[in-house]
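Participant: Next up is a structure, given as structure tokens.
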Amino acid sequence: MSGKVVVVGSLNMDLVTRACRLPKAGETLAGESFATVPGGKGANQAVAAARLGARVAMIGCVGDDAYGEQLRAALVAEQIDCQAVTTTADVSTGIAAIVVDASSQNAIIIVAGGNGLLTPKVVTRFDALLADADVVVCQLEVPMETVCHTLTRGRELGKTVILNPAPAAAPLPAQWFPLIDYLIPNESEAAILTGIPVDSLSSAETAANALLAAGAAKVIITLGELGSLFASTQGVRHYPAPAVVAVDTTAAGDTFVGGFAAALAQGRNEDDAIRFGQTAAALSVTRAGAQPSIPTSREVQGFKPA
Ligand code: RIB
């Protein structure tokens, strides 16, 4: 392992409103603040992997506009290789309209924009990056055929392949399971993938077993303040979450995935990598925003639970 992570995925500018609660249908609600913050599940995971110790390259697509430039600059500032972040005219950069409520929960609407133009052909142009990776990471904010292509190439090249199936809208294609080393959904995504409501450790275990039965090699279900549940054919382990005071949960899952991938790429074992990702995610929820909330390795090492 040489410590290299390649992320194939989305870049979004997050348009973040804070309000006392989420609005109801047809309601106009006065918010408390507004900010534009670099985000997108792919870019967040790339930033997390970089801040948490990996060398990182990102494969993605933005529009030829100010948000696209700002998102690329945010990655470059983290020393992320952006040669494969392509810019396409006549499309807007992806955005996410996010509302965060007083209890720090969020609701998100995404508009794909350039992310929808990340085709398998574009990824093929940067195949050398995949070949040079230790760990390849994908999510579901880019076209399904692109995710399928990336998982397939990652497997052919003998890389460690991680899929964060977010956002999930339906069960995954059956042929994807043998291509994935680690499938990392949160509780709502696990429920959508399996049809099993996930609201407790025991229901998470049932869902994880269903994903193993579908062909997943290893599953990690992230469960917010309940921690995470790891499952493989060897059995199930629960990792309690470090206690923190939550400010904003946006990108907590991305921080876990990026931190876990960075740790694996640096040769750490999976138990260590889960604890590391989990501590990084816990720290991220104590801060506002997506990329600004992601901690560094040094902060994770210095973390003391409340
Ligand atoms: O996972 C958080 C991310 O989801 C946000 O940054 C937003 O861009 C959406 O993609």
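Convention: chains lettered A, B, ... in structure tokens order; per-chain residue numbering from 1; ligands numbered from 1 as shown.
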If you take only C-alpha atoms and all ligand atoms and a cut-off of 7 Å, which residues of chain A touch ligand 1, and what are their nearest atom pairs and distances in Å to one decimal, in chain and number order, as JSON lines?
Facilitator:
```
{"residue": "A:Leu11", "atom": "CA", "partner": "ligand 1", "partner_atom_place_in_ligand_line": "8 (O)", "distance": 6.9}
{"residue": "A:Asn12", "atom": "CA", "partner": "ligand 1", "partner_atom_place_in_ligand_line": "8 (O)", "distance": 4.7}
{"residue": "A:Met13", "atom": "CA", "partner": "ligand 1", "partner_atom_place_in_ligand_line": "8 (O)", "distance": 6.3}
{"residue": "A:Asp14", "atom": "CA", "partner": "ligand 1", "partner_atom_place_in_ligand_line": "8 (O)", "distance": 5.2}
{"residue": "A:Pro38", "atom": "CA", "partner": "ligand 1", "partner_atom_place_in_ligand_line": "6 (O)", "distance": 6.9}
{"residue": "A:Gly39", "atom": "CA", "partner": "ligand 1", "partner_atom_place_in_ligand_line": "6 (O)", "distance": 3.5}
{"residue": "A:Gly40", "atom": "CA", "partner": "ligand 1", "partner_atom_place_in_ligand_line": "8 (O)", "distance": 3.3}
{"residue": "A:Lys41", "atom": "CA", "partner": "ligand 1", "partner_atom_place_in_ligand_line": "10 (O)", "distance": 4.6}
{"residue": "A:Asn44", "atom": "CA", "partner": "ligand 1", "partner_atom_place_in_ligand_line": "6 (O)", "distance": 6.5}
{"residue": "A:Ile95", "atom": "CA", "partner": "ligand 1", "partner_atom_place_in_ligand_line": "8 (O)", "distance": 6.4}
{"residue": "A:Ala96", "atom": "CA", "partner": "ligand 1", "partner_atom_place_in_ligand_line": "8 (O)", "distance": 4.8}
{"residue": "A:Ile108", "atom": "CA", "partner": "ligand 1", "partner_atom_place_in_ligand_line": "9 (C)", "distance": 6.7}
{"residue": "A:Ile110", "atom": "CA", "partner": "ligand 1", "partner_atom_place_in_ligand_line": "10 (O)", "distance": 6.4}
{"residue": "A:Thr250", "atom": "CA", "partner": "ligand 1", "partner_atom_place_in_ligand_line": "2 (C)", "distance": 5.1}
{"residue": "A:Ala251", "atom": "CA", "partner": "ligand 1", "partner_atom_place_in_ligand_line": "2 (C)", "distance": 4.1}
{"residue": "A:Gly253", "atom": "CA", "partner": "ligand 1", "partner_atom_place_in_ligand_line": "1 (O)", "distance": 6.4}
{"residue": "A:Asp254", "atom": "CA", "partner": "ligand 1", "partner_atom_place_in_ligand_line": "1 (O)", "distance": 5.7}
{"residue": "A:Ala290", "atom": "CA", "partner": "ligand 1", "partner_atom_place_in_ligand_line": "6 (O)", "distance": 5.0}
```
Participant: From a backbone DSSP assignment, name each residue in range 104-153 of chain A labelled alpha helix (DSSP H), as a list in words.
Facilitator: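 For range 104-153 of chain A, the alpha helix (DSSP H) set is Pro120, Lys121, Val122, Val123, Thr124, Arg125, Asp127, Ala128, Leu129, Leu130, Ala131, Met144, Glu145, Thr146, Val147, Cys148, His149, Thr150, Leu151, Thr152 and Arg153 of chain A.
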Participant: Which of range 9-96 of chain A end up as strand (DSSP E) when DSSP is run on this backbone - answer as a ChimeraX atom specification?
Facilitator: /A:12-18,33-39,55-63,81-88,94-96
Participant: Go through A:Gly215, A:Gly302, A:Gly154, A:Gly267 and flag the residue nearest Ala54 in chain A, using only C-alpha atoms for the distances.
Facilitator: A:Gly267
Participant: To one decimal in Å, tell me the separation between CA of Val247 in chain A and CA of Phe34 in chain A.
Facilitator: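 A separation of 15.3 Å between them.
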Participant: Within 8 Å of range 291-297 of chain A, counting only C-alpha atoms, which residues qualify if same-chain residues fewer than 6 places away don't, as an NGL selection string?
Facilitator: :A and (37-39 or 44 or 47-48 or 51-53 or 251 or 255 or 280-281 or 283-285)
Participant: Please determine, counting only C-alpha atoms, which residue among A:Ala263, A:Ile162, A:Ile180, A:Ala243 has the shortest atom-to-atom distance to Ala216 in chain A.
Facilitator: A:Ile180
Participant: Within 10 Å of Ala241 in chain A, counting only C-alpha atoms, which residues show up once you throw out same-chain ones fewer than 6 positions away? Write them as a CSV table (one decimal) with C-alpha atoms, in the first residue's frame, please.
Facilitator:
```csv
chain,number,residue,atom,x,y,z
A,222,THR,CA,-23.0,3.9,9.7
A,223,LEU,CA,-25.6,4.6,12.3
A,224,GLY,CA,-25.0,8.2,13.5
A,225,GLU,CA,-24.8,8.4,17.3
A,226,LEU,CA,-25.2,4.6,17.5
A,227,GLY,CA,-21.8,4.2,15.9
A,228,SER,CA,-21.3,1.6,13.1
A,275,ARG,CA,-12.2,3.5,14.5
A,278,GLN,CA,-15.5,7.0,13.1
A,279,THR,CA,-13.5,9.4,15.3
A,281,ALA,CA,-16.8,11.6,11.5
A,282,ALA,CA,-17.6,12.4,15.2
A,305,PRO,CA,-14.2,12.0,24.0
```
Participant: Need to verify the contact set: Val100 in chain A, 12 Å, only C-alpha atoms, exclusion of same-chain residues closer than 5 positions in sequence. Can you return it as an MDAnalysis selection string?
Facilitator: chainID A and resid 14:23 31:35 105:108 246:250 288:290
Participant: With only C-alpha atoms as the counted atoms, please give the residues lying no more than 10 Å from His238 in chain A, apart from itself and same-chain residues fewer than 5 positions off, as a PyMOL selection string.
Facilitator: chain A and resi 201+205+220-221+226-231
Participant: Find the residues around Pro185 in chain A up to 10 Å (only C-alpha atoms counted), leave out those fewer than 3 positions away in its own chain, and share them as number ranges by chain.
Facilitator: A: 139, 163-168, 182, 188-193, 208, 219-223, 253, 257
Participant: When you count only C-alpha atoms, which of these residues is closest to Val147 in chain A: A:Ala46, A:Ala133, A:Val76, A:Leu118?
Facilitator: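 Closest residue, counting only C-alpha atoms: A:Leu118.
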Participant: Would you mind telling me which residue in A:Ala265, A:Val85, A:Val56, A:Val62 lies nearest to Val7 in chain A when using only C-alpha atoms?
Facilitator: A:Val56
